[in-house]
Amino acid sequence: MGRTNGCWSRRRFVGALAGAAAGLTACASPSGSSSKSAPREARTGSPESPSPGPTGTPSASAPAPAGPRPLYLGTYTTAEGGGPGIGVARYDTDSGRITGTGTITGLTDPSYLAVHPDGRTLYAVAEHDAGAVTAVRLADRKVLGSRSTGGAGPCHLSVHPGGRWLLSANYASGSVAVHPIGFSGALGERRETVTHSRPAPGPGQDGPHAHQFLTAPDGGHVLAVDLGTDTVYSYRLNERTGALTEVAQAHTRPGAGPRHLTFHPGGRYAYLANESDNSVAVCGYDIRSGRLSIGAAQSTGTGPGTSYPAQFLVTANGSFAYLANRGDNSLTRYAVEADGARLRLLGTVPVHGDFPRHIAFSPDGSLLFAANQRSSTVSVFHVNAENGELRLAGEPFASPVAVCALPL
């Protein structure tokens, strides 16, 4: 089951077992995709395509890319059946078919991935006790080096839209970190680390567990979702120095276990997936203050069985939202109403895999990718823009301990 650190072992435990009922925790993720396409060219010139937004939502203006596109797959290298590094594949934009093309080796437990806004550098966590983040130049797949996150078990990272800062969340130690990004895409030494010391851990938790660190729509605030303290922390990011100043805390009901937050394109609302109590919530967001207000718990539509919500996605036009459910092994579909203020449950569809850890849209939003950790597969769905329905695009693609799918 990997390392013996208590929090770290629990993360592996969730990935390895289907269903002990209490206190299970795991990690979240960003965008997704699969099948035929080459890596990015050199850092001069324009990138191949627009990048997904900080929460995995495709850009509203993203054109339909032509031909095969790149897909990168995160995994655990130290888990039983894990991969040798970051999986490299291509996906056909029409059929959704994935074709494996290789592996980026030399990385340990690259479970979560993100791409720079210019599309030329890939970033990965090293999800182990001595947590780190690594930069990879996509033109030649050269590893540009790693930097310590100052904590254990980093499970999420994202790039600030300005392209100068990398944000990462250390699950096991309950802290968040900020690293500078150089012109080459390489990472500098950590500029900031903040550990969530208050409030006290929620029911069944042994401490803070930072699960996500993302940029709010205003760009000046960054939000950290902490499963252990049942809290979403709002920080003001100094875009010159990388320093963080806490400005607000938003608290879920005790024991909810918030895991992943995704903003509506309008910027005034966001949707929160609560892992521990199998619920979701609509949140209001004040752009000026950075304050989040968490609404009442709502159903995931998964029924009476054991299920752990993993990640939300929202379509670029703001009309539909999707939730990955581990254990129930389904995707929940919601209609988004009242300009983002309301979610209406439409139903669930099977994910055709086991333990969907991460979901992501292709850049144009026509495909949805689901990384299924326990079945070691990636499922691809066609997204109906008119009614939000999902249609499976052929047989799932085999990928060792698929934790994250990042389609470009």
# chains A, B, ... in the order shown; residues from 1 in each chain; ligands from 1
$ residues_around --residues "Gly303 of chain A" --least-positions-apart "4" --cutoff "9 Å" --atoms "only C-alpha atoms" --output "MDAnalysis selection string"
chainID A and resid 299 307 328
$ closest_atom_pairs --of "segment 92-206 of chain A" --to "segment 261-285 of chain A" --cutoff "12 Å" --atoms "only C-alpha atoms" --output "CSV"
residue,atom,partner,partner_atom,distance
A:His156,CA,A:Leu261,CA,12.0
A:Gly202,CA,A:Ser276,CA,10.5
A:Pro203,CA,A:Ser276,CA,9.9
A:Gly204,CA,A:Ser276,CA,9.5
A:Gln205,CA,A:Ser276,CA,10.2
$ closest_residue --among "A:Thr121, A:Thr134, A:Thr302, A:Thr215" --to "Gly106 of chain A" --atoms "only C-alpha atoms"
A:Thr134
$ residues_around --residues "Gly131 of chain A" --least-positions-apart "2" --cutoff "8 Å" --atoms "only C-alpha atoms" --output "PDB file with all heavy atoms, in the first residue's frame"
ATOM      1  N   VAL A 125       2.868  16.786  -9.803  1.00  0.00           N
ATOM      2  CA  VAL A 125       3.226  16.607  -8.399  1.00  0.00           C
ATOM      3  C   VAL A 125       4.048  15.333  -8.266  1.00  0.00           C
ATOM      4  O   VAL A 125       3.985  14.442  -9.118  1.00  0.00           O
ATOM      5  CB  VAL A 125       1.975  16.508  -7.499  1.00  0.00           C
ATOM      6  CG1 VAL A 125       1.120  17.760  -7.593  1.00  0.00           C
ATOM      7  CG2 VAL A 125       1.148  15.263  -7.841  1.00  0.00           C
ATOM      8  N   ALA A 126       4.819  15.262  -7.198  1.00  0.00           N
ATOM      9  CA  ALA A 126       5.447  14.015  -6.772  1.00  0.00           C
ATOM     10  C   ALA A 126       4.771  13.685  -5.449  1.00  0.00           C
ATOM     11  O   ALA A 126       5.152  14.198  -4.390  1.00  0.00           O
ATOM     12  CB  ALA A 126       6.958  14.181  -6.596  1.00  0.00           C
ATOM     13  N   GLU A 127       3.744  12.846  -5.507  1.00  0.00           N
ATOM     14  CA  GLU A 127       2.871  12.636  -4.358  1.00  0.00           C
ATOM     15  C   GLU A 127       3.455  11.597  -3.403  1.00  0.00           C
ATOM     16  O   GLU A 127       2.996  10.461  -3.333  1.00  0.00           O
ATOM     17  CB  GLU A 127       1.464  12.224  -4.815  1.00  0.00           C
ATOM     18  CG  GLU A 127       0.444  12.292  -3.701  1.00  0.00           C
ATOM     19  CD  GLU A 127      -0.936  11.858  -4.138  1.00  0.00           C
ATOM     20  OE1 GLU A 127      -1.267  11.990  -5.332  1.00  0.00           O
ATOM     21  OE2 GLU A 127      -1.677  11.365  -3.272  1.00  0.00           O
ATOM     22  N   HIS A 128       4.459  12.018  -2.663  1.00  0.00           N
ATOM     23  CA  HIS A 128       5.034  11.147  -1.645  1.00  0.00           C
ATOM     24  C   HIS A 128       5.412  11.986  -0.431  1.00  0.00           C
ATOM     25  O   HIS A 128       5.123  13.184  -0.381  1.00  0.00           O
ATOM     26  CB  HIS A 128       6.221  10.351  -2.193  1.00  0.00           C
ATOM     27  CG  HIS A 128       7.218  11.153  -2.963  1.00  0.00           C
ATOM     28  ND1 HIS A 128       8.114  12.008  -2.370  1.00  0.00           N
ATOM     29  CD2 HIS A 128       7.459  11.221  -4.295  1.00  0.00           C
ATOM     30  CE1 HIS A 128       8.872  12.570  -3.291  1.00  0.00           C
ATOM     31  NE2 HIS A 128       8.496  12.125  -4.472  1.00  0.00           N
ATOM     32  N   ASP A 129       6.036  11.355   0.560  1.00  0.00           N
ATOM     33  CA  ASP A 129       6.293  12.034   1.831  1.00  0.00           C
ATOM     34  C   ASP A 129       7.120  13.301   1.653  1.00  0.00           C
ATOM     35  O   ASP A 129       6.823  14.323   2.264  1.00  0.00           O
ATOM     36  CB  ASP A 129       6.999  11.089   2.802  1.00  0.00           C
ATOM     37  CG  ASP A 129       6.092   9.950   3.254  1.00  0.00           C
ATOM     38  OD1 ASP A 129       4.869  10.098   3.132  1.00  0.00           O
ATOM     39  OD2 ASP A 129       6.617   8.920   3.718  1.00  0.00           O
ATOM     40  N   VAL A 133       7.264  19.241  -6.796  1.00  0.00           N
ATOM     41  CA  VAL A 133       6.622  19.529  -8.078  1.00  0.00           C
ATOM     42  C   VAL A 133       7.710  19.558  -9.139  1.00  0.00           C
ATOM     43  O   VAL A 133       8.833  19.991  -8.877  1.00  0.00           O
ATOM     44  CB  VAL A 133       5.840  20.855  -8.048  1.00  0.00           C
ATOM     45  CG1 VAL A 133       4.533  20.697  -7.289  1.00  0.00           C
ATOM     46  CG2 VAL A 133       6.665  21.984  -7.421  1.00  0.00           C
ATOM     47  N   SER A 148      10.919  21.252  -3.960  1.00  0.00           N
ATOM     48  CA  SER A 148      10.160  20.794  -2.805  1.00  0.00           C
ATOM     49  C   SER A 148       8.924  21.653  -2.597  1.00  0.00           C
ATOM     50  O   SER A 148       8.965  22.882  -2.767  1.00  0.00           O
ATOM     51  CB  SER A 148      11.032  20.856  -1.551  1.00  0.00           C
ATOM     52  OG  SER A 148      10.261  20.677  -0.377  1.00  0.00           O
ATOM     53  N   THR A 149       7.822  21.010  -2.203  1.00  0.00           N
ATOM     54  CA  THR A 149       6.607  21.744  -1.875  1.00  0.00           C
ATOM     55  C   THR A 149       6.567  22.123  -0.399  1.00  0.00           C
ATOM     56  O   THR A 149       5.625  22.786   0.041  1.00  0.00           O
ATOM     57  CB  THR A 149       5.350  20.919  -2.201  1.00  0.00           C
ATOM     58  OG1 THR A 149       5.385  19.699  -1.430  1.00  0.00           O
ATOM     59  CG2 THR A 149       5.269  20.600  -3.678  1.00  0.00           C
ATOM     60  N   GLY A 150       7.555  21.679   0.375  1.00  0.00           N
ATOM     61  CA  GLY A 150       7.583  21.990   1.790  1.00  0.00           C
ATOM     62  C   GLY A 150       6.569  21.217   2.600  1.00  0.00           C
ATOM     63  O   GLY A 150       6.282  21.569   3.752  1.00  0.00           O
ATOM     64  N   GLY A 151       6.015  20.155   2.014  1.00  0.00           N
ATOM     65  CA  GLY A 151       5.018  19.358   2.704  1.00  0.00           C
ATOM     66  C   GLY A 151       4.980  17.953   2.142  1.00  0.00           C
ATOM     67  O   GLY A 151       5.776  17.586   1.269  1.00  0.00           O
ATOM     68  N   ALA A 152       4.036  17.158   2.632  1.00  0.00           N
ATOM     69  CA  ALA A 152       3.942  15.753   2.236  1.00  0.00           C
ATOM     70  C   ALA A 152       2.684  15.490   1.421  1.00  0.00           C
ATOM     71  O   ALA A 152       1.636  16.082   1.661  1.00  0.00           O
ATOM     72  CB  ALA A 152       3.930  14.869   3.482  1.00  0.00           C
ATOM     73  N   GLY A 153       2.816  14.586   0.459  1.00  0.00           N
ATOM     74  CA  GLY A 153       1.674  14.118  -0.314  1.00  0.00           C
ATOM     75  C   GLY A 153       0.976  15.170  -1.143  1.00  0.00           C
ATOM     76  O   GLY A 153      -0.259  15.259  -1.109  1.00  0.00           O
ATOM     77  N   PRO A 154       1.696  15.994  -1.940  1.00  0.00           N
ATOM     78  CA  PRO A 154       0.991  16.955  -2.796  1.00  0.00           C
ATOM     79  C   PRO A 154       0.090  16.230  -3.792  1.00  0.00           C
ATOM     80  O   PRO A 154       0.538  15.304  -4.466  1.00  0.00           O
ATOM     81  CB  PRO A 154       2.122  17.714  -3.492  1.00  0.00           C
ATOM     82  CG  PRO A 154       3.299  16.796  -3.440  1.00  0.00           C
ATOM     83  CD  PRO A 154       3.161  16.041  -2.157  1.00  0.00           C
ATOM     84  N   ASN A 170      -0.557  20.340  -0.510  1.00  0.00           N
ATOM     85  CA  ASN A 170       0.020  19.181   0.166  1.00  0.00           C
ATOM     86  C   ASN A 170      -1.061  18.514   1.012  1.00  0.00           C
ATOM     87  O   ASN A 170      -1.416  19.016   2.085  1.00  0.00           O
ATOM     88  CB  ASN A 170       1.175  19.608   1.062  1.00  0.00           C
ATOM     89  CG  ASN A 170       2.363  20.136   0.282  1.00  0.00           C
ATOM     90  OD1 ASN A 170       2.855  19.487  -0.628  1.00  0.00           O
ATOM     91  ND2 ASN A 170       2.813  21.330   0.637  1.00  0.00           N
TER      92      ASN A 170
END
$ atom_distance --atom1 "atom CA of Leu345 of chain A" --atom2 "atom CA of Tyr233 of chain A"
27.3 Å
$ residues_around --residues "Thr78 of chain A" --least-positions-apart "3" --cutoff "12 Å" --atoms "only C-alpha atoms" --output "MDAnalysis selection string"
chainID A and resid 1:3 12 75 81:85 107:111 126:128 400:401
$ write_last_selection --atoms "N, CA, C and O atoms" --output "compact mmCIF listing (two decimals), in the first residue's frame"
# COMPACT_ATOMS: atom_id res chain seq x y z
N MET A 1 0.82 -1.19 0.00
CA MET A 1 0.00 0.00 0.00
C MET A 1 0.86 1.25 0.00
O MET A 1 0.41 2.34 0.20
N GLY A 2 2.18 1.11 -0.22
CA GLY A 2 3.03 2.28 -0.33
C GLY A 2 3.59 2.69 1.01
O GLY A 2 3.87 1.88 1.87
N ARG A 3 3.69 3.99 1.22
CA ARG A 3 4.38 4.51 2.38
C ARG A 3 3.58 4.35 3.66
O ARG A 3 2.38 4.18 3.64
N ARG A 12 -3.70 6.16 -0.37
CA ARG A 12 -3.52 4.94 -1.13
C ARG A 12 -4.63 3.94 -0.85
O ARG A 12 -5.09 3.22 -1.71
N THR A 75 -0.18 9.01 -12.89
CA THR A 75 -0.28 7.69 -12.28
C THR A 75 0.54 7.67 -10.99
O THR A 75 1.17 8.65 -10.62
N GLY A 81 0.97 -2.27 -9.81
CA GLY A 81 0.36 -2.09 -11.13
C GLY A 81 0.48 -0.69 -11.69
O GLY A 81 -0.09 -0.39 -12.73
N GLY A 82 1.22 0.19 -10.99
CA GLY A 82 1.37 1.56 -11.44
C GLY A 82 2.23 1.68 -12.68
O GLY A 82 2.87 0.73 -13.13
N GLY A 83 2.25 2.87 -13.25
CA GLY A 83 3.00 3.10 -14.47
C GLY A 83 4.44 3.52 -14.20
O GLY A 83 4.83 3.79 -13.06
N PRO A 84 5.27 3.59 -15.25
CA PRO A 84 6.67 3.98 -15.11
C PRO A 84 6.88 5.48 -15.13
O PRO A 84 8.02 5.95 -15.03
N GLY A 85 5.83 6.26 -15.28
CA GLY A 85 5.95 7.71 -15.37
C GLY A 85 4.67 8.29 -15.93
O GLY A 85 3.60 7.67 -15.86
N LEU A 107 10.18 10.39 -13.10
CA LEU A 107 9.35 11.05 -12.11
C LEU A 107 8.75 10.02 -11.17
O LEU A 107 8.44 8.90 -11.59
N THR A 108 8.56 10.39 -9.91
CA THR A 108 7.98 9.49 -8.92
C THR A 108 6.56 9.94 -8.57
O THR A 108 6.35 11.10 -8.22
N ASP A 109 5.61 9.04 -8.71
CA ASP A 109 4.21 9.28 -8.35
C ASP A 109 3.67 10.60 -8.90
O ASP A 109 3.16 11.45 -8.16
N PRO A 110 3.74 10.81 -10.23
CA PRO A 110 3.18 12.02 -10.84
C PRO A 110 1.66 11.90 -10.99
O PRO A 110 1.13 11.74 -12.09
N SER A 111 0.96 12.00 -9.88
CA SER A 111 -0.47 11.68 -9.88
C SER A 111 -1.34 12.79 -10.43
O SER A 111 -2.43 12.53 -10.92
N ALA A 126 4.82 15.26 -7.20
CA ALA A 126 5.45 14.01 -6.77
C ALA A 126 4.77 13.68 -5.45
O ALA A 126 5.15 14.20 -4.39
N GLU A 127 3.74 12.85 -5.51
CA GLU A 127 2.87 12.64 -4.36
C GLU A 127 3.45 11.60 -3.40
O GLU A 127 3.00 10.46 -3.33
N HIS A 128 4.46 12.02 -2.66
CA HIS A 128 5.03 11.15 -1.64
C HIS A 128 5.41 11.99 -0.43
O HIS A 128 5.12 13.18 -0.38
N PRO A 400 -2.03 2.32 -16.82
CA PRO A 400 -1.74 1.86 -15.45
C PRO A 400 -2.17 2.86 -14.37
O PRO A 400 -1.75 4.02 -14.41
N VAL A 401 -2.99 2.41 -13.44
CA VAL A 401 -3.43 3.23 -12.30
C VAL A 401 -3.69 4.67 -12.76
O VAL A 401 -3.03 5.61 -12.33
$ closest_residue --among "A:Ala405, A:Val378, A:Leu367, A:Leu138" --to "Asp94 of chain A" --atoms "only C-alpha atoms"
A:Leu367
$ residues_around --residues "His221 of chain A" --least-positions-apart "4" --cutoff "12 Å" --atoms "only C-alpha atoms" --output "ChimeraX atom specification"
/A:160-161,167,213-217,233-239,242-248,285-292
$ closest_residue --among "A:Gly340, A:Pro363, A:Gly174, A:Pro304" --to "Pro70 of chain A" --atoms "only C-alpha atoms"
A:Pro363
$ closest_residue --among "A:Ser158, A:Thr332, A:Gln249, A:Ser399" --to "Thr99 of chain A" --atoms "only C-alpha atoms"
A:Ser399
$ atom_distance --atom1 "atom CA of Gly96 of chain A" --atom2 "atom CA of Thr77 of chain A"
26.2 Å
$ residues_around --residues "Ser95 of chain A" --least-positions-apart "2" --cutoff "9 Å" --atoms "only C-alpha atoms" --output "ChimeraX atom specification"
/A:91-93,97-98,382,393-394
$ write_last_selection --atoms "all heavy atoms" --output "compact mmCIF listing (two decimals), in the first residue's frame"
# COMPACT_ATOMS: atom_id res chain seq x y z
N TYR A 91 -5.31 11.50 -28.91
CA TYR A 91 -6.73 11.17 -29.06
C TYR A 91 -7.27 11.80 -30.33
O TYR A 91 -6.86 12.89 -30.74
CB TYR A 91 -7.54 11.62 -27.84
CG TYR A 91 -7.64 13.11 -27.65
CD1 TYR A 91 -8.75 13.82 -28.11
CD2 TYR A 91 -6.64 13.82 -26.99
CE1 TYR A 91 -8.85 15.19 -27.92
CE2 TYR A 91 -6.74 15.18 -26.80
CZ TYR A 91 -7.84 15.86 -27.27
OH TYR A 91 -7.94 17.22 -27.09
N ASP A 92 -8.18 11.09 -30.96
CA ASP A 92 -8.82 11.58 -32.16
C ASP A 92 -9.99 12.48 -31.75
O ASP A 92 -10.85 12.06 -30.97
CB ASP A 92 -9.32 10.42 -33.01
CG ASP A 92 -9.93 10.89 -34.32
OD1 ASP A 92 -9.17 11.11 -35.28
OD2 ASP A 92 -11.17 11.06 -34.37
N THR A 93 -10.03 13.69 -32.25
CA THR A 93 -11.03 14.65 -31.81
C THR A 93 -12.44 14.30 -32.28
O THR A 93 -13.42 14.75 -31.68
CB THR A 93 -10.69 16.06 -32.31
OG1 THR A 93 -10.54 16.04 -33.74
CG2 THR A 93 -9.38 16.54 -31.67
N ARG A 97 -11.03 8.23 -29.83
CA ARG A 97 -10.15 7.07 -29.66
C ARG A 97 -8.76 7.50 -29.20
O ARG A 97 -8.16 8.43 -29.73
CB ARG A 97 -10.04 6.30 -30.97
CG ARG A 97 -9.18 5.05 -30.90
CD ARG A 97 -9.21 4.28 -32.22
NE ARG A 97 -8.34 3.12 -32.16
CZ ARG A 97 -7.07 3.12 -32.51
NH1 ARG A 97 -6.51 4.23 -32.96
NH2 ARG A 97 -6.33 2.03 -32.43
N ILE A 98 -8.24 6.79 -28.19
CA ILE A 98 -6.92 7.08 -27.62
C ILE A 98 -5.90 6.08 -28.14
O ILE A 98 -6.17 4.87 -28.20
CB ILE A 98 -6.96 7.01 -26.09
CG1 ILE A 98 -7.94 8.04 -25.53
CG2 ILE A 98 -5.58 7.23 -25.49
CD1 ILE A 98 -8.15 7.93 -24.03
N HIS A 382 -18.56 11.48 -25.59
CA HIS A 382 -18.98 12.62 -26.40
C HIS A 382 -19.97 13.44 -25.59
O HIS A 382 -20.87 12.89 -24.95
CB HIS A 382 -19.65 12.14 -27.70
CG HIS A 382 -18.72 11.42 -28.63
ND1 HIS A 382 -17.79 12.07 -29.41
CD2 HIS A 382 -18.58 10.10 -28.91
CE1 HIS A 382 -17.12 11.19 -30.13
NE2 HIS A 382 -17.58 9.98 -29.85
N ALA A 393 -17.53 6.85 -25.97
CA ALA A 393 -16.83 6.81 -27.26
C ALA A 393 -15.96 5.57 -27.34
O ALA A 393 -14.73 5.64 -27.25
CB ALA A 393 -15.99 8.07 -27.43
N GLY A 394 -16.57 4.41 -27.50
CA GLY A 394 -15.81 3.18 -27.67
C GLY A 394 -15.30 2.61 -26.36
O GLY A 394 -15.62 3.08 -25.27
$ residues_around --residues "Gly388 of chain A" --least-positions-apart "6" --cutoff "8 Å" --atoms "only C-alpha atoms" --output "PDB file with N, CA and C atoms, in the first residue's frame"
ATOM      1  N   SER A 319     -23.946  25.856 -18.998  1.00  0.00           N
ATOM      2  CA  SER A 319     -25.278  25.248 -19.007  1.00  0.00           C
ATOM      3  C   SER A 319     -25.356  23.922 -18.259  1.00  0.00           C
ATOM      4  N   PHE A 320     -24.229  23.190 -18.186  1.00  0.00           N
ATOM      5  CA  PHE A 320     -24.250  21.864 -17.578  1.00  0.00           C
ATOM      6  C   PHE A 320     -23.011  21.663 -16.701  1.00  0.00           C
ATOM      7  N   ARG A 333     -24.939  14.227 -13.900  1.00  0.00           N
ATOM      8  CA  ARG A 333     -25.164  15.349 -14.817  1.00  0.00           C
ATOM      9  C   ARG A 333     -26.163  16.312 -14.178  1.00  0.00           C
ATOM     10  N   ALA A 335     -28.142  20.230 -14.711  1.00  0.00           N
ATOM     11  CA  ALA A 335     -28.433  21.443 -15.474  1.00  0.00           C
ATOM     12  C   ALA A 335     -28.095  22.627 -14.580  1.00  0.00           C
TER      13      ALA A 335
END
$ select_by_dssp --residues "segment 122-368 of chain A" --states "strand (DSSP E)" --output "number ranges by chain"
A: 122-126, 132-137, 142-148, 154-159, 165-170, 175-180, 192-195, 210-215, 221-226, 231-237, 244-251, 258-263, 269-274, 279-285, 292-299, 308-314, 320-326, 330-337, 342-350, 356-361, 367-368
$ decode --residues "segment 68-78 of chain A" --atoms "all heavy atoms" --output "PDB file, in the first residue's frame"
ATOM      1  N   PRO A  68      -5.338  14.665 -34.650  1.00  0.00           N
ATOM      2  CA  PRO A  68      -5.070  14.055 -33.344  1.00  0.00           C
ATOM      3  C   PRO A  68      -4.445  15.058 -32.392  1.00  0.00           C
ATOM      4  O   PRO A  68      -3.720  15.966 -32.799  1.00  0.00           O
ATOM      5  CB  PRO A  68      -4.100  12.919 -33.686  1.00  0.00           C
ATOM      6  CG  PRO A  68      -3.441  13.352 -34.952  1.00  0.00           C
ATOM      7  CD  PRO A  68      -4.471  14.124 -35.712  1.00  0.00           C
ATOM      8  N   ARG A  69      -4.736  14.883 -31.097  1.00  0.00           N
ATOM      9  CA  ARG A  69      -4.284  15.812 -30.070  1.00  0.00           C
ATOM     10  C   ARG A  69      -3.541  15.073 -28.958  1.00  0.00           C
ATOM     11  O   ARG A  69      -3.743  13.887 -28.747  1.00  0.00           O
ATOM     12  CB  ARG A  69      -5.489  16.541 -29.456  1.00  0.00           C
ATOM     13  CG  ARG A  69      -6.354  17.283 -30.460  1.00  0.00           C
ATOM     14  CD  ARG A  69      -5.640  18.465 -31.027  1.00  0.00           C
ATOM     15  NE  ARG A  69      -5.218  19.377 -29.964  1.00  0.00           N
ATOM     16  CZ  ARG A  69      -4.397  20.399 -30.169  1.00  0.00           C
ATOM     17  NH1 ARG A  69      -3.892  20.616 -31.366  1.00  0.00           N
ATOM     18  NH2 ARG A  69      -4.064  21.188 -29.157  1.00  0.00           N
ATOM     19  N   PRO A  70      -2.693  15.793 -28.197  1.00  0.00           N
ATOM     20  CA  PRO A  70      -1.933  15.139 -27.112  1.00  0.00           C
ATOM     21  C   PRO A  70      -2.796  14.885 -25.885  1.00  0.00           C
ATOM     22  O   PRO A  70      -3.680  15.661 -25.538  1.00  0.00           O
ATOM     23  CB  PRO A  70      -0.832  16.155 -26.786  1.00  0.00           C
ATOM     24  CG  PRO A  70      -0.926  17.237 -27.800  1.00  0.00           C
ATOM     25  CD  PRO A  70      -2.296  17.189 -28.371  1.00  0.00           C
ATOM     26  N   LEU A  71      -2.465  13.800 -25.182  1.00  0.00           N
ATOM     27  CA  LEU A  71      -3.091  13.451 -23.914  1.00  0.00           C
ATOM     28  C   LEU A  71      -1.990  12.988 -22.962  1.00  0.00           C
ATOM     29  O   LEU A  71      -1.157  12.159 -23.326  1.00  0.00           O
ATOM     30  CB  LEU A  71      -4.114  12.330 -24.111  1.00  0.00           C
ATOM     31  CG  LEU A  71      -4.724  11.729 -22.846  1.00  0.00           C
ATOM     32  CD1 LEU A  71      -5.615  12.744 -22.143  1.00  0.00           C
ATOM     33  CD2 LEU A  71      -5.519  10.475 -23.168  1.00  0.00           C
ATOM     34  N   TYR A  72      -1.995  13.519 -21.745  1.00  0.00           N
ATOM     35  CA  TYR A  72      -1.013  13.133 -20.742  1.00  0.00           C
ATOM     36  C   TYR A  72      -1.743  12.510 -19.558  1.00  0.00           C
ATOM     37  O   TYR A  72      -2.809  12.983 -19.158  1.00  0.00           O
ATOM     38  CB  TYR A  72      -0.180  14.344 -20.311  1.00  0.00           C
ATOM     39  CG  TYR A  72       0.620  14.894 -21.454  1.00  0.00           C
ATOM     40  CD1 TYR A  72       0.128  15.942 -22.234  1.00  0.00           C
ATOM     41  CD2 TYR A  72       1.846  14.340 -21.806  1.00  0.00           C
ATOM     42  CE1 TYR A  72       0.845  16.433 -23.315  1.00  0.00           C
ATOM     43  CE2 TYR A  72       2.573  14.819 -22.885  1.00  0.00           C
ATOM     44  CZ  TYR A  72       2.064  15.866 -23.641  1.00  0.00           C
ATOM     45  OH  TYR A  72       2.777  16.329 -24.716  1.00  0.00           O
ATOM     46  N   LEU A  73      -1.162  11.443 -19.006  1.00  0.00           N
ATOM     47  CA  LEU A  73      -1.838  10.629 -17.999  1.00  0.00           C
ATOM     48  C   LEU A  73      -0.995  10.517 -16.740  1.00  0.00           C
ATOM     49  O   LEU A  73       0.141  10.037 -16.778  1.00  0.00           O
ATOM     50  CB  LEU A  73      -2.137   9.236 -18.568  1.00  0.00           C
ATOM     51  CG  LEU A  73      -2.989   9.236 -19.841  1.00  0.00           C
ATOM     52  CD1 LEU A  73      -2.994   7.862 -20.488  1.00  0.00           C
ATOM     53  CD2 LEU A  73      -4.414   9.679 -19.524  1.00  0.00           C
ATOM     54  N   GLY A  74      -1.556  10.953 -15.609  1.00  0.00           N
ATOM     55  CA  GLY A  74      -0.884  10.832 -14.332  1.00  0.00           C
ATOM     56  C   GLY A  74      -1.127   9.476 -13.710  1.00  0.00           C
ATOM     57  O   GLY A  74      -2.171   8.852 -13.915  1.00  0.00           O
ATOM     58  N   THR A  75      -0.178   9.007 -12.894  1.00  0.00           N
ATOM     59  CA  THR A  75      -0.279   7.688 -12.282  1.00  0.00           C
ATOM     60  C   THR A  75       0.539   7.672 -10.988  1.00  0.00           C
ATOM     61  O   THR A  75       1.172   8.654 -10.617  1.00  0.00           O
ATOM     62  CB  THR A  75       0.241   6.599 -13.233  1.00  0.00           C
ATOM     63  OG1 THR A  75       0.014   5.302 -12.667  1.00  0.00           O
ATOM     64  CG2 THR A  75       1.726   6.761 -13.515  1.00  0.00           C
ATOM     65  N   TYR A  76       0.512   6.541 -10.296  1.00  0.00           N
ATOM     66  CA  TYR A  76       1.429   6.277  -9.189  1.00  0.00           C
ATOM     67  C   TYR A  76       2.484   5.296  -9.684  1.00  0.00           C
ATOM     68  O   TYR A  76       2.153   4.205 -10.142  1.00  0.00           O
ATOM     69  CB  TYR A  76       0.693   5.661  -8.000  1.00  0.00           C
ATOM     70  CG  TYR A  76      -0.197   6.612  -7.256  1.00  0.00           C
ATOM     71  CD1 TYR A  76      -1.552   6.344  -7.114  1.00  0.00           C
ATOM     72  CD2 TYR A  76       0.303   7.776  -6.678  1.00  0.00           C
ATOM     73  CE1 TYR A  76      -2.384   7.205  -6.418  1.00  0.00           C
ATOM     74  CE2 TYR A  76      -0.519   8.649  -5.981  1.00  0.00           C
ATOM     75  CZ  TYR A  76      -1.860   8.355  -5.859  1.00  0.00           C
ATOM     76  OH  TYR A  76      -2.672   9.215  -5.165  1.00  0.00           O
ATOM     77  N   THR A  77       3.738   5.685  -9.570  1.00  0.00           N
ATOM     78  CA  THR A  77       4.804   4.772 -10.004  1.00  0.00           C
ATOM     79  C   THR A  77       5.158   3.760  -8.927  1.00  0.00           C
ATOM     80  O   THR A  77       5.743   2.715  -9.227  1.00  0.00           O
ATOM     81  CB  THR A  77       6.070   5.565 -10.365  1.00  0.00           C
ATOM     82  OG1 THR A  77       6.493   6.328  -9.219  1.00  0.00           O
ATOM     83  CG2 THR A  77       5.814   6.510 -11.531  1.00  0.00           C
ATOM     84  N   THR A  78       4.820   4.038  -7.662  1.00  0.00           N
ATOM     85  CA  THR A  78       5.185   3.131  -6.572  1.00  0.00           C
ATOM     86  C   THR A  78       4.031   2.235  -6.149  1.00  0.00           C
ATOM     87  O   THR A  78       4.197   1.415  -5.241  1.00  0.00           O
ATOM     88  CB  THR A  78       5.678   3.925  -5.350  1.00  0.00           C
ATOM     89  OG1 THR A  78       4.628   4.765  -4.857  1.00  0.00           O
ATOM     90  CG2 THR A  78       6.886   4.780  -5.703  1.00  0.00           C
TER      91      THR A  78
END
